[in-house]
$ cat protein-v2.cif   # mmCIF, N, CA and C atoms
data_structure
#
loop_
_atom_site.label_atom_id
_atom_site.label_comp_id
_atom_site.auth_asym_id
_atom_site.auth_seq_id
_atom_site.Cartn_x
_atom_site.Cartn_y
_atom_site.Cartn_z
N MET A 1 -31.61 40.40 -70.35
CA MET A 1 -32.03 41.06 -69.14
C MET A 1 -30.82 41.74 -68.50
N VAL A 2 -30.95 42.99 -68.15
CA VAL A 2 -29.87 43.75 -67.53
C VAL A 2 -30.12 43.83 -66.03
N CYS A 3 -29.14 43.44 -65.24
CA CYS A 3 -29.23 43.55 -63.79
C CYS A 3 -28.30 44.66 -63.35
N GLU A 4 -28.88 45.68 -62.74
CA GLU A 4 -28.06 46.79 -62.27
C GLU A 4 -27.48 46.45 -60.91
N THR A 5 -26.23 46.82 -60.70
CA THR A 5 -25.58 46.61 -59.42
C THR A 5 -24.90 47.89 -58.99
N ASP A 6 -24.61 47.97 -57.70
CA ASP A 6 -23.85 49.10 -57.17
C ASP A 6 -22.98 48.59 -56.04
N GLU A 7 -22.39 49.50 -55.24
CA GLU A 7 -21.48 49.09 -54.19
C GLU A 7 -22.17 48.33 -53.06
N GLU A 8 -23.49 48.28 -53.05
CA GLU A 8 -24.21 47.54 -52.01
C GLU A 8 -24.83 46.24 -52.53
N THR A 9 -24.38 45.78 -53.68
CA THR A 9 -24.89 44.53 -54.24
C THR A 9 -24.10 43.35 -53.66
N PHE A 10 -24.81 42.37 -53.14
CA PHE A 10 -24.19 41.16 -52.62
C PHE A 10 -24.71 39.97 -53.42
N ARG A 11 -23.84 39.00 -53.62
CA ARG A 11 -24.20 37.78 -54.32
C ARG A 11 -23.99 36.61 -53.37
N PRO A 12 -24.66 35.48 -53.61
CA PRO A 12 -24.48 34.33 -52.72
C PRO A 12 -23.05 33.80 -52.78
N TRP A 13 -22.58 33.31 -51.62
CA TRP A 13 -21.26 32.68 -51.56
C TRP A 13 -21.39 31.25 -52.05
N LEU A 14 -20.60 30.88 -53.04
CA LEU A 14 -20.67 29.54 -53.62
C LEU A 14 -19.41 28.72 -53.35
N GLY A 15 -18.48 29.33 -52.61
CA GLY A 15 -17.22 28.65 -52.35
C GLY A 15 -17.25 27.79 -51.10
N GLU A 16 -16.07 27.39 -50.68
CA GLU A 16 -15.90 26.54 -49.49
C GLU A 16 -16.33 27.27 -48.23
N ILE A 17 -16.80 26.50 -47.25
CA ILE A 17 -17.15 27.04 -45.94
C ILE A 17 -16.20 26.40 -44.94
N PRO A 18 -15.65 27.12 -43.96
CA PRO A 18 -16.03 28.47 -43.60
C PRO A 18 -15.40 29.52 -44.51
N VAL A 19 -16.10 30.62 -44.67
CA VAL A 19 -15.63 31.75 -45.45
C VAL A 19 -14.59 32.50 -44.63
N GLY A 20 -13.54 32.94 -45.27
CA GLY A 20 -12.50 33.69 -44.57
C GLY A 20 -12.95 35.10 -44.21
N ALA A 21 -12.28 35.69 -43.26
CA ALA A 21 -12.63 37.02 -42.78
C ALA A 21 -12.06 38.13 -43.66
N ASP A 22 -11.37 37.77 -44.73
CA ASP A 22 -10.75 38.79 -45.57
C ASP A 22 -11.65 39.26 -46.72
N GLU A 23 -12.85 38.76 -46.80
CA GLU A 23 -13.81 39.17 -47.83
C GLU A 23 -14.97 39.91 -47.16
N MET A 24 -15.63 40.80 -47.89
CA MET A 24 -16.81 41.47 -47.34
C MET A 24 -18.04 40.70 -47.77
N TYR A 25 -18.82 40.26 -46.81
CA TYR A 25 -20.03 39.50 -47.10
C TYR A 25 -21.01 39.66 -45.95
N LEU A 26 -22.25 39.31 -46.21
CA LEU A 26 -23.30 39.34 -45.19
C LEU A 26 -23.48 37.95 -44.62
N VAL A 27 -23.75 37.88 -43.33
CA VAL A 27 -23.94 36.62 -42.65
C VAL A 27 -25.33 36.62 -42.01
N ALA A 28 -26.10 35.57 -42.26
CA ALA A 28 -27.41 35.43 -41.63
C ALA A 28 -27.22 35.23 -40.13
N CYS A 29 -28.06 35.88 -39.33
CA CYS A 29 -27.95 35.81 -37.88
C CYS A 29 -29.33 35.60 -37.27
N GLU A 30 -29.33 35.05 -36.09
CA GLU A 30 -30.55 35.02 -35.28
C GLU A 30 -30.24 35.86 -34.05
N PHE A 31 -31.04 36.89 -33.81
CA PHE A 31 -30.83 37.78 -32.68
C PHE A 31 -31.82 37.46 -31.58
N ALA A 32 -31.35 37.46 -30.34
CA ALA A 32 -32.22 37.27 -29.18
C ALA A 32 -32.28 38.59 -28.43
N MET A 33 -33.46 39.17 -28.35
CA MET A 33 -33.64 40.45 -27.66
C MET A 33 -33.58 40.25 -26.14
N ALA A 34 -33.56 41.35 -25.41
CA ALA A 34 -33.46 41.29 -23.96
C ALA A 34 -34.60 40.48 -23.34
N ASP A 35 -35.78 40.49 -23.95
CA ASP A 35 -36.91 39.73 -23.41
C ASP A 35 -36.90 38.26 -23.82
N GLY A 36 -35.86 37.84 -24.58
CA GLY A 36 -35.73 36.45 -24.99
C GLY A 36 -36.33 36.13 -26.35
N SER A 37 -37.10 37.04 -26.93
CA SER A 37 -37.67 36.77 -28.26
C SER A 37 -36.55 36.72 -29.29
N ARG A 38 -36.73 35.87 -30.30
CA ARG A 38 -35.70 35.65 -31.31
C ARG A 38 -36.21 36.11 -32.67
N HIS A 39 -35.29 36.73 -33.43
CA HIS A 39 -35.64 37.27 -34.74
C HIS A 39 -34.48 37.08 -35.70
N GLN A 40 -34.80 36.92 -36.98
CA GLN A 40 -33.80 36.73 -38.03
C GLN A 40 -33.24 38.07 -38.48
N GLY A 41 -32.01 38.05 -38.93
CA GLY A 41 -31.38 39.25 -39.44
C GLY A 41 -30.07 38.91 -40.13
N PHE A 42 -29.23 39.92 -40.28
CA PHE A 42 -27.92 39.71 -40.90
C PHE A 42 -26.97 40.80 -40.48
N ALA A 43 -25.69 40.57 -40.70
CA ALA A 43 -24.65 41.56 -40.41
C ALA A 43 -23.50 41.32 -41.37
N THR A 44 -22.62 42.28 -41.45
CA THR A 44 -21.41 42.14 -42.24
C THR A 44 -20.32 41.60 -41.32
N ALA A 45 -19.68 40.53 -41.70
CA ALA A 45 -18.60 39.97 -40.89
C ALA A 45 -17.44 40.96 -40.85
N ALA A 46 -16.71 40.98 -39.73
CA ALA A 46 -15.63 41.95 -39.56
C ALA A 46 -14.37 41.26 -39.04
N LEU A 47 -13.25 41.91 -39.25
CA LEU A 47 -11.99 41.41 -38.72
C LEU A 47 -11.79 41.86 -37.28
N GLU A 48 -12.39 42.97 -36.90
CA GLU A 48 -12.24 43.53 -35.56
C GLU A 48 -13.53 43.37 -34.78
N PRO A 49 -13.45 43.01 -33.50
CA PRO A 49 -14.67 42.90 -32.69
C PRO A 49 -15.22 44.26 -32.32
N ASP A 50 -16.47 44.29 -31.89
CA ASP A 50 -17.11 45.46 -31.30
C ASP A 50 -17.17 46.67 -32.22
N ASP A 51 -17.30 46.50 -33.50
CA ASP A 51 -17.37 47.64 -34.40
C ASP A 51 -18.70 47.61 -35.15
N MET A 52 -19.75 48.18 -34.54
CA MET A 52 -21.07 48.16 -35.16
C MET A 52 -21.09 48.99 -36.43
N GLY A 53 -20.18 49.96 -36.57
CA GLY A 53 -20.09 50.73 -37.80
C GLY A 53 -19.66 49.88 -38.98
N LEU A 54 -18.90 48.82 -38.73
CA LEU A 54 -18.50 47.89 -39.79
C LEU A 54 -19.50 46.77 -39.96
N THR A 55 -19.97 46.18 -38.87
CA THR A 55 -20.84 45.02 -38.97
C THR A 55 -22.27 45.41 -39.33
N GLN A 56 -22.71 46.56 -38.90
CA GLN A 56 -24.04 47.09 -39.21
C GLN A 56 -25.14 46.03 -39.14
N PRO A 57 -25.36 45.47 -37.94
CA PRO A 57 -26.40 44.44 -37.81
C PRO A 57 -27.78 44.96 -38.18
N GLN A 58 -28.56 44.11 -38.84
CA GLN A 58 -29.93 44.46 -39.24
C GLN A 58 -30.84 43.29 -38.91
N ILE A 59 -32.08 43.60 -38.58
CA ILE A 59 -33.02 42.60 -38.11
C ILE A 59 -34.33 42.74 -38.87
N PHE A 60 -35.04 41.64 -39.03
CA PHE A 60 -36.35 41.67 -39.69
C PHE A 60 -37.45 41.63 -38.64
N SER A 61 -38.43 42.50 -38.78
CA SER A 61 -39.56 42.53 -37.87
C SER A 61 -40.49 41.36 -38.19
N PRO A 62 -41.47 41.09 -37.31
CA PRO A 62 -42.44 40.03 -37.61
C PRO A 62 -43.21 40.28 -38.92
N PHE A 63 -43.20 41.52 -39.41
CA PHE A 63 -43.90 41.86 -40.65
C PHE A 63 -42.97 41.83 -41.86
N GLY A 64 -41.69 41.46 -41.63
CA GLY A 64 -40.73 41.35 -42.72
C GLY A 64 -39.99 42.63 -43.04
N LYS A 65 -40.21 43.69 -42.30
CA LYS A 65 -39.50 44.95 -42.54
C LYS A 65 -38.09 44.85 -41.95
N ARG A 66 -37.12 45.36 -42.70
CA ARG A 66 -35.73 45.35 -42.27
C ARG A 66 -35.43 46.60 -41.47
N HIS A 67 -34.77 46.42 -40.32
CA HIS A 67 -34.41 47.55 -39.45
C HIS A 67 -32.92 47.49 -39.15
N ALA A 68 -32.26 48.64 -39.21
CA ALA A 68 -30.84 48.75 -38.90
C ALA A 68 -30.65 49.38 -37.52
N PHE A 69 -29.52 49.08 -36.89
CA PHE A 69 -29.16 49.69 -35.61
C PHE A 69 -28.11 50.76 -35.80
N TRP A 70 -27.34 50.65 -36.88
CA TRP A 70 -26.35 51.67 -37.22
C TRP A 70 -27.06 52.65 -38.14
N LEU A 71 -27.30 53.87 -37.66
CA LEU A 71 -28.11 54.84 -38.40
C LEU A 71 -27.28 55.88 -39.12
N GLY A 72 -25.96 55.75 -39.11
CA GLY A 72 -25.10 56.63 -39.88
C GLY A 72 -24.99 58.03 -39.32
N VAL A 73 -24.76 58.99 -40.19
CA VAL A 73 -24.53 60.38 -39.79
C VAL A 73 -25.84 61.13 -39.57
N PHE A 74 -26.88 60.74 -40.26
CA PHE A 74 -28.15 61.47 -40.18
C PHE A 74 -29.27 60.56 -39.67
N PRO A 75 -29.25 60.21 -38.37
CA PRO A 75 -30.30 59.33 -37.85
C PRO A 75 -31.65 60.03 -37.89
N ARG A 76 -32.69 59.26 -38.17
CA ARG A 76 -34.05 59.81 -38.21
C ARG A 76 -34.88 59.16 -37.11
N GLN A 77 -35.51 59.98 -36.30
CA GLN A 77 -36.31 59.47 -35.19
C GLN A 77 -37.45 58.58 -35.68
N GLU A 78 -37.98 58.87 -36.88
CA GLU A 78 -39.07 58.04 -37.39
C GLU A 78 -38.62 56.60 -37.66
N GLU A 79 -37.32 56.39 -37.97
CA GLU A 79 -36.81 55.03 -38.13
C GLU A 79 -36.85 54.29 -36.79
N ILE A 80 -36.45 54.96 -35.74
CA ILE A 80 -36.45 54.37 -34.41
C ILE A 80 -37.88 54.10 -33.96
N ASN A 81 -38.76 55.07 -34.15
CA ASN A 81 -40.17 54.89 -33.77
C ASN A 81 -40.80 53.74 -34.54
N GLY A 82 -40.47 53.62 -35.84
CA GLY A 82 -40.99 52.53 -36.66
C GLY A 82 -40.51 51.17 -36.16
N PHE A 83 -39.28 51.11 -35.69
CA PHE A 83 -38.74 49.87 -35.13
C PHE A 83 -39.58 49.44 -33.92
N TYR A 84 -39.74 50.35 -32.96
CA TYR A 84 -40.51 50.02 -31.75
C TYR A 84 -41.95 49.65 -32.10
N SER A 85 -42.52 50.32 -33.06
CA SER A 85 -43.89 50.04 -33.48
C SER A 85 -43.99 48.66 -34.13
N ASN A 86 -43.05 48.33 -35.04
CA ASN A 86 -43.08 47.03 -35.73
C ASN A 86 -42.91 45.85 -34.78
N PHE A 87 -42.14 46.04 -33.73
CA PHE A 87 -41.92 44.96 -32.78
C PHE A 87 -42.90 45.03 -31.60
N ALA A 88 -43.65 46.13 -31.49
CA ALA A 88 -44.61 46.34 -30.39
C ALA A 88 -43.94 46.12 -29.04
N LYS A 89 -42.74 46.70 -28.90
CA LYS A 89 -41.96 46.58 -27.67
C LYS A 89 -41.31 47.91 -27.37
N GLY A 90 -40.98 48.11 -26.11
CA GLY A 90 -40.22 49.28 -25.70
C GLY A 90 -38.75 48.94 -25.56
N PRO A 91 -37.91 49.96 -25.34
CA PRO A 91 -36.47 49.74 -25.27
C PRO A 91 -36.03 48.71 -24.24
N SER A 92 -36.67 48.65 -23.07
CA SER A 92 -36.23 47.72 -22.03
C SER A 92 -36.51 46.26 -22.40
N SER A 93 -37.43 46.01 -23.31
CA SER A 93 -37.69 44.64 -23.78
C SER A 93 -36.73 44.23 -24.89
N ILE A 94 -36.08 45.21 -25.48
CA ILE A 94 -35.23 44.95 -26.65
C ILE A 94 -33.75 45.00 -26.31
N PHE A 95 -33.32 46.03 -25.61
CA PHE A 95 -31.89 46.27 -25.33
C PHE A 95 -31.59 46.06 -23.87
N PRO A 96 -30.36 45.68 -23.54
CA PRO A 96 -29.28 45.26 -24.45
C PRO A 96 -29.43 43.80 -24.82
N TRP A 97 -28.75 43.41 -25.89
CA TRP A 97 -28.67 41.98 -26.19
C TRP A 97 -27.28 41.68 -26.74
N PRO A 98 -26.76 40.53 -26.31
CA PRO A 98 -25.42 40.14 -26.79
C PRO A 98 -25.50 39.64 -28.22
N SER A 99 -24.44 39.85 -28.95
CA SER A 99 -24.40 39.34 -30.31
C SER A 99 -24.23 37.84 -30.29
N ALA A 100 -24.71 37.21 -31.33
CA ALA A 100 -24.53 35.76 -31.49
C ALA A 100 -23.33 35.53 -32.39
N PRO A 101 -22.59 34.45 -32.17
CA PRO A 101 -21.45 34.18 -33.05
C PRO A 101 -21.94 33.82 -34.45
N PHE A 102 -21.16 34.21 -35.44
CA PHE A 102 -21.47 33.85 -36.81
C PHE A 102 -21.15 32.39 -37.03
N ARG A 103 -21.91 31.75 -37.87
CA ARG A 103 -21.60 30.39 -38.30
C ARG A 103 -21.09 30.47 -39.73
N ASN A 104 -20.40 29.48 -40.16
CA ASN A 104 -19.92 29.37 -41.55
C ASN A 104 -18.88 30.40 -41.92
N THR A 105 -18.21 30.98 -40.94
CA THR A 105 -17.20 31.98 -41.24
C THR A 105 -16.11 31.97 -40.18
N THR A 106 -14.93 32.43 -40.54
CA THR A 106 -13.85 32.58 -39.56
C THR A 106 -13.85 33.99 -38.99
N ALA A 107 -14.71 34.87 -39.50
CA ALA A 107 -14.81 36.23 -38.98
C ALA A 107 -15.68 36.22 -37.72
N PHE A 108 -15.84 37.37 -37.11
CA PHE A 108 -16.63 37.42 -35.90
C PHE A 108 -17.30 38.76 -35.73
N TYR A 109 -18.23 38.79 -34.83
CA TYR A 109 -18.83 40.02 -34.34
C TYR A 109 -19.08 39.77 -32.87
N SER A 110 -18.55 40.62 -32.03
CA SER A 110 -18.78 40.44 -30.61
C SER A 110 -19.20 41.76 -30.02
N GLY A 111 -19.75 41.68 -28.85
CA GLY A 111 -20.20 42.88 -28.18
C GLY A 111 -21.67 42.77 -27.86
N THR A 112 -22.24 43.86 -27.45
CA THR A 112 -23.64 43.91 -27.08
C THR A 112 -24.29 45.07 -27.81
N ILE A 113 -25.45 44.83 -28.37
CA ILE A 113 -26.20 45.91 -29.00
C ILE A 113 -26.94 46.64 -27.89
N GLN A 114 -26.50 47.85 -27.61
CA GLN A 114 -27.06 48.65 -26.52
C GLN A 114 -28.25 49.48 -26.97
N GLY A 115 -28.34 49.73 -28.26
CA GLY A 115 -29.39 50.57 -28.80
C GLY A 115 -29.02 50.99 -30.21
N PHE A 116 -29.65 52.02 -30.69
CA PHE A 116 -29.35 52.55 -32.02
C PHE A 116 -28.12 53.43 -31.93
N MET A 117 -27.26 53.34 -32.94
CA MET A 117 -26.01 54.09 -32.94
C MET A 117 -25.97 55.03 -34.15
N ALA A 118 -25.30 56.16 -33.95
CA ALA A 118 -25.11 57.12 -35.03
C ALA A 118 -23.71 57.71 -34.91
N SER A 119 -23.25 58.32 -35.96
CA SER A 119 -21.93 58.91 -36.01
C SER A 119 -22.04 60.38 -36.33
N SER A 120 -21.28 61.19 -35.63
CA SER A 120 -21.17 62.60 -36.00
C SER A 120 -19.68 62.92 -36.03
N GLY A 121 -19.10 62.78 -37.19
CA GLY A 121 -17.67 62.94 -37.33
C GLY A 121 -16.96 61.73 -36.75
N ALA A 122 -16.01 61.97 -35.86
CA ALA A 122 -15.25 60.89 -35.23
C ALA A 122 -15.97 60.30 -34.02
N GLU A 123 -17.03 60.93 -33.59
CA GLU A 123 -17.75 60.49 -32.38
C GLU A 123 -18.91 59.56 -32.74
N VAL A 124 -19.01 58.46 -32.02
CA VAL A 124 -20.13 57.54 -32.18
C VAL A 124 -21.00 57.70 -30.94
N ARG A 125 -22.31 57.80 -31.15
CA ARG A 125 -23.19 58.01 -30.00
C ARG A 125 -24.36 57.05 -30.01
N LEU A 126 -24.86 56.78 -28.81
CA LEU A 126 -25.99 55.89 -28.61
C LEU A 126 -27.27 56.72 -28.64
N ILE A 127 -28.29 56.24 -29.36
CA ILE A 127 -29.58 56.91 -29.44
C ILE A 127 -30.63 55.92 -28.95
N THR A 128 -31.54 56.37 -28.12
CA THR A 128 -32.63 55.49 -27.68
C THR A 128 -33.96 56.09 -28.04
#

$ encode --input "protein-v2.cif" --output "C-alpha coordinates"
Amino acid sequence: MVCETDEETFRPWLGEIPVGADEMYLVACEFAMADGSRHQGFATAALEPDDMGLTQPQIFSPFGKRHAFWLGVFPRQEEINGFYSNFAKGPSSIFPWPSAPFRNTTAFYSGTIQGFMASSGAEVRLIT
(Lines of atoms letter the chains of each structure in order from A and count residues from 1; the text may use other names and numbers.)
(Lines give C-alpha, C1' and ligand atoms only; values in the text may rest on other atoms or scores of the structure.)
Protein backbone atom coordinates (compact mmCIF):
# COMPACT_ATOMS: atom_id res chain seq x y z
CA MET A 1 0.00 0.00 0.00
CA VAL A 2 1.39 3.40 -0.99
CA CYS A 3 0.64 6.38 1.24
CA GLU A 4 1.13 9.70 -0.45
CA THR A 5 2.41 12.58 1.65
CA ASP A 6 3.17 16.23 1.07
CA GLU A 7 4.30 19.27 3.07
CA GLU A 8 0.99 19.25 4.99
CA THR A 9 1.21 15.65 6.20
CA PHE A 10 1.32 15.25 9.99
CA ARG A 11 1.99 12.07 11.92
CA PRO A 12 1.20 11.31 15.56
CA TRP A 13 3.81 12.30 18.15
CA LEU A 14 5.15 9.15 19.81
CA GLY A 15 7.92 10.71 21.86
CA GLU A 16 8.15 12.16 25.36
CA ILE A 17 5.69 14.80 26.55
CA PRO A 18 5.86 17.74 26.78
CA VAL A 19 6.86 18.25 23.16
CA GLY A 20 9.43 20.98 22.60
CA ALA A 21 8.60 24.16 20.73
CA ASP A 22 11.34 23.56 18.15
CA GLU A 23 9.29 21.08 16.09
CA MET A 24 6.29 21.80 13.86
CA TYR A 25 3.23 19.90 15.02
CA LEU A 26 -0.51 20.28 15.53
CA VAL A 27 -1.98 20.54 19.01
CA ALA A 28 -5.57 19.59 19.87
CA CYS A 29 -7.43 22.53 21.40
CA GLU A 30 -10.78 23.30 22.92
CA PHE A 31 -12.02 26.76 21.92
CA ALA A 32 -14.58 28.75 23.91
CA MET A 33 -16.51 31.24 21.78
CA ALA A 34 -17.70 34.63 23.04
CA ASP A 35 -21.09 33.12 23.98
CA GLY A 36 -19.36 30.45 26.11
CA SER A 37 -19.99 27.50 23.78
CA ARG A 38 -17.04 25.13 23.50
CA HIS A 39 -15.76 23.39 20.37
CA GLN A 40 -12.84 21.12 19.46
CA GLY A 41 -10.12 22.17 17.08
CA PHE A 42 -6.37 22.36 16.59
CA ALA A 43 -3.53 24.78 15.92
CA THR A 44 0.15 24.69 15.09
CA ALA A 45 2.31 25.40 18.13
CA ALA A 46 4.56 28.44 17.74
CA LEU A 47 7.66 29.92 19.30
CA GLU A 48 6.25 33.47 19.14
CA PRO A 49 2.95 34.58 20.70
CA ASP A 50 0.14 36.32 18.82
CA ASP A 51 0.98 35.05 15.35
CA MET A 52 -2.20 33.60 13.83
CA GLY A 53 -0.36 33.28 10.50
CA LEU A 54 1.88 30.67 12.12
CA THR A 55 -0.56 28.99 14.50
CA GLN A 56 -3.48 28.96 12.05
CA PRO A 57 -6.14 27.84 14.54
CA GLN A 58 -8.91 25.65 13.12
CA ILE A 59 -12.18 24.54 14.67
CA PHE A 60 -14.69 21.78 14.00
CA SER A 61 -18.37 22.66 13.63
CA PRO A 62 -21.10 20.59 15.30
CA PHE A 63 -21.38 18.80 11.92
CA GLY A 64 -17.68 17.90 11.86
CA LYS A 65 -16.65 20.41 9.19
CA ARG A 66 -13.24 22.01 9.71
CA HIS A 67 -13.06 25.81 9.60
CA ALA A 68 -9.96 28.01 9.55
CA PHE A 69 -9.60 31.59 10.79
CA TRP A 70 -6.43 32.32 8.83
CA LEU A 71 -7.68 32.60 5.25
CA GLY A 72 -4.37 33.39 3.55
CA VAL A 73 -3.94 35.70 0.59
CA PHE A 74 -7.19 34.88 -1.20
CA PRO A 75 -10.00 34.84 1.38
CA ARG A 76 -13.37 33.66 0.09
CA GLN A 77 -16.56 35.11 1.52
CA GLU A 78 -18.32 31.76 1.05
CA GLU A 79 -15.90 30.23 3.59
CA ILE A 80 -16.90 32.85 6.15
CA ASN A 81 -20.60 32.48 5.34
CA GLY A 82 -20.28 28.68 5.66
CA PHE A 83 -18.71 29.09 9.09
CA TYR A 84 -21.58 31.24 10.39
CA SER A 85 -24.10 28.87 8.84
CA ASN A 86 -22.49 25.72 10.33
CA PHE A 87 -22.44 27.21 13.81
CA ALA A 88 -25.84 28.99 13.40
CA LYS A 89 -24.36 32.05 15.11
CA GLY A 90 -23.49 35.61 14.21
CA PRO A 91 -20.15 37.36 14.75
CA SER A 92 -21.07 38.81 18.17
CA SER A 93 -21.75 35.31 19.55
CA ILE A 94 -18.43 34.02 18.26
CA PHE A 95 -15.81 36.80 18.48
CA PRO A 96 -13.69 37.74 20.27
CA TRP A 97 -12.43 34.76 22.21
CA PRO A 98 -9.15 34.29 24.04
CA SER A 99 -6.92 31.44 23.06
CA ALA A 100 -6.56 28.51 25.41
CA PRO A 101 -3.10 27.38 26.50
CA PHE A 102 -1.75 24.28 24.81
CA ARG A 103 -1.27 21.18 26.90
CA ASN A 104 1.48 18.62 26.37
CA THR A 105 3.87 21.15 24.87
CA THR A 106 6.37 23.82 25.87
CA ALA A 107 5.20 25.99 22.95
CA PHE A 108 2.38 28.47 23.23
CA TYR A 109 -0.28 30.43 21.46
CA SER A 110 -1.59 33.55 23.05
CA GLY A 111 -3.84 36.35 22.02
CA THR A 112 -7.45 36.71 21.09
CA ILE A 113 -9.17 35.53 17.94
CA GLN A 114 -10.92 38.70 16.78
CA GLY A 115 -12.29 37.28 13.56
CA PHE A 116 -11.12 35.89 10.24
CA MET A 117 -7.69 37.07 9.10
CA ALA A 118 -6.15 37.40 5.66
CA SER A 119 -2.86 38.62 4.26
CA SER A 120 -2.21 40.90 1.34
CA GLY A 121 1.53 41.15 1.03
CA ALA A 122 3.06 42.39 4.28
CA GLU A 123 -0.30 43.59 5.62
CA VAL A 124 -2.55 41.39 7.74
CA ARG A 125 -6.20 42.38 7.90
CA LEU A 126 -9.27 41.41 9.86
CA ILE A 127 -12.34 40.23 7.91
CA THR A 128 -15.79 39.86 9.44

$ atom_distance --input "protein-v2.cif" --atom1 "atom N of Arg66 of chain A" --atom2 "atom N of Pro91 of chain A"
18.0 Å

$ closest_residue --input "protein-v2.cif" --among "A:Ala118, A:Leu54, A:Ile113, A:Ile127" --to "Ile94 of chain A" --atoms "only C-alpha atoms"
A:Ile113

$ residues_around --input "protein-v2.cif" --residues "Ile59 of chain A" --least-positions-apart "5" --cutoff "12 Å" --atoms "only C-alpha atoms" --output "MDAnalysis selection string"
chainID A and resid 27:33 38:43 64:70 83 86:87 94 113

$ residues_around --input "protein-v2.cif" --residues "Leu71 of chain A" --least-positions-apart "5" --cutoff "6.5 Å" --atoms "only N, CA and C atoms" --output "ChimeraX atom specification"
/A:76,116-119

$ resolve_selection --input "protein-v2.cif" --expression "the PyMOL selection byres (((chain A and resi 44 and name CA) around 7) and name CA)" --output "tab-separated table (two decimals) with N, CA and C atoms, in the frame of the given file"
chain	number	residue	atom	x	y	z
A	24	MET	N	-15.63	40.80	-47.89
A	24	MET	CA	-16.81	41.47	-47.34
A	24	MET	C	-18.04	40.70	-47.77
A	25	TYR	N	-18.82	40.26	-46.81
A	25	TYR	CA	-20.03	39.50	-47.10
A	25	TYR	C	-21.01	39.66	-45.95
A	26	LEU	N	-22.25	39.31	-46.21
A	26	LEU	CA	-23.30	39.34	-45.19
A	26	LEU	C	-23.48	37.95	-44.62
A	27	VAL	N	-23.75	37.88	-43.33
A	27	VAL	CA	-23.94	36.62	-42.65
A	27	VAL	C	-25.33	36.62	-42.01
A	43	ALA	N	-25.69	40.57	-40.70
A	43	ALA	CA	-24.65	41.56	-40.41
A	43	ALA	C	-23.50	41.32	-41.37
A	45	ALA	N	-19.68	40.53	-41.70
A	45	ALA	CA	-18.60	39.97	-40.89
A	45	ALA	C	-17.44	40.96	-40.85
A	46	ALA	N	-16.71	40.98	-39.73
A	46	ALA	CA	-15.63	41.95	-39.56
A	46	ALA	C	-14.37	41.26	-39.04
A	54	LEU	N	-18.90	48.82	-38.73
A	54	LEU	CA	-18.50	47.89	-39.79
A	54	LEU	C	-19.50	46.77	-39.96
A	55	THR	N	-19.97	46.18	-38.87
A	55	THR	CA	-20.84	45.02	-38.97
A	55	THR	C	-22.27	45.41	-39.33
A	56	GLN	N	-22.71	46.56	-38.90
A	56	GLN	CA	-24.04	47.09	-39.21
A	56	GLN	C	-25.14	46.03	-39.14

$ atom_distance --input "protein-v2.cif" --atom1 "atom CA of Pro96 of chain A" --atom2 "atom C of Gln114 of chain A"
5.0 Å

$ atom_distance --input "protein-v2.cif" --atom1 "atom CA of Gly36 of chain A" --atom2 "atom N of Ser93 of chain A"
9.9 Å

$ select_by_dssp --input "protein-v2.cif" --residues "segment 33-95 of chain A" --states "helix (DSSP H, G or I)" --output "PyMOL selection string"
chain A and resi 52-55+77-87+91-94

$ closest_residue --input "protein-v2.cif" --among "A:Pro57, A:Gly72, A:Pro18, A:Pro98" --to "Ser120 of chain A" --atoms "all atoms listed in the file"
A:Gly72
